[in-house]
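First the structure, in the form of structure tokens, and then the observations on it.
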Amino acid sequence: MLVNLMFMVITWWALQALNIEKWIKPGKVVQARALLLLLTIAIGSMVSSFFLDYLLWSQQLPSLF
């Protein structure tokens with residue numbers, strides 16, 4: 001759970017670098033923030049899943065040889 005939260009924080013921080021103001025329609029700030037939140041959750045969970053799978057596979061690698 002901590003790995004998921006860590007990668008979500010990193011993803012949120014990285015998404016803040018995007019200049020999305022030019023893509024937002026006037027008066028749609030709440031929807032844009034909801035989209036950023038959903039993107040953060042989706043990207044963060046995918047990256048944390050990859051990281052945890054990679055960690056598991058790297059621990060199982062010695063048993064192959």
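Chain lettering (A, B, ...) mirrors the order of the structure tokens, residue numbering begins at 1 for each chain separately, and ligand numbering begins at 1 in order of display.
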(request) Name the residues in contact with segment 34-41 of chain A at a cut-off of 8 Å, using only C-alpha atoms, excluding same-chain residues fewer than 2 positions from it; report them as a ChimeraX atom specification. (result) /A:8,11-12,15,30-32,43-45
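With distances restricted to only C-alpha atoms, A:Val47 is the closest residue to Leu5 of chain A from A:Lys22, A:Tyr54, A:Leu64, A:Val47.
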(request) Pick out the closest residue to Arg33 of chain A from this set: A:Gln16, A:Ser48, A:Asp53, A:Phe7. Count only C-alpha atoms. (result) A:Gln16
(request) Would you mind telling me which residue in A:Ala42, A:Leu18, A:Val9, A:Val3 lies nearest to Leu55 of chain A when using only C-alpha atoms? (result)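 Of A:Ala42, A:Leu18, A:Val9, A:Val3, the one nearest Leu55 of chain A, counting only C-alpha atoms, is A:Val3.
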(message) Measuring between only C-alpha atoms, which one of A:Ser49, A:Ile20, A:Gly27, A:Ser63 shows the shortest distance to Asn4 of chain A?
(response)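 Among A:Ser49, A:Ile20, A:Gly27, A:Ser63, it is A:Ser49 that comes nearest to Asn4 of chain A.
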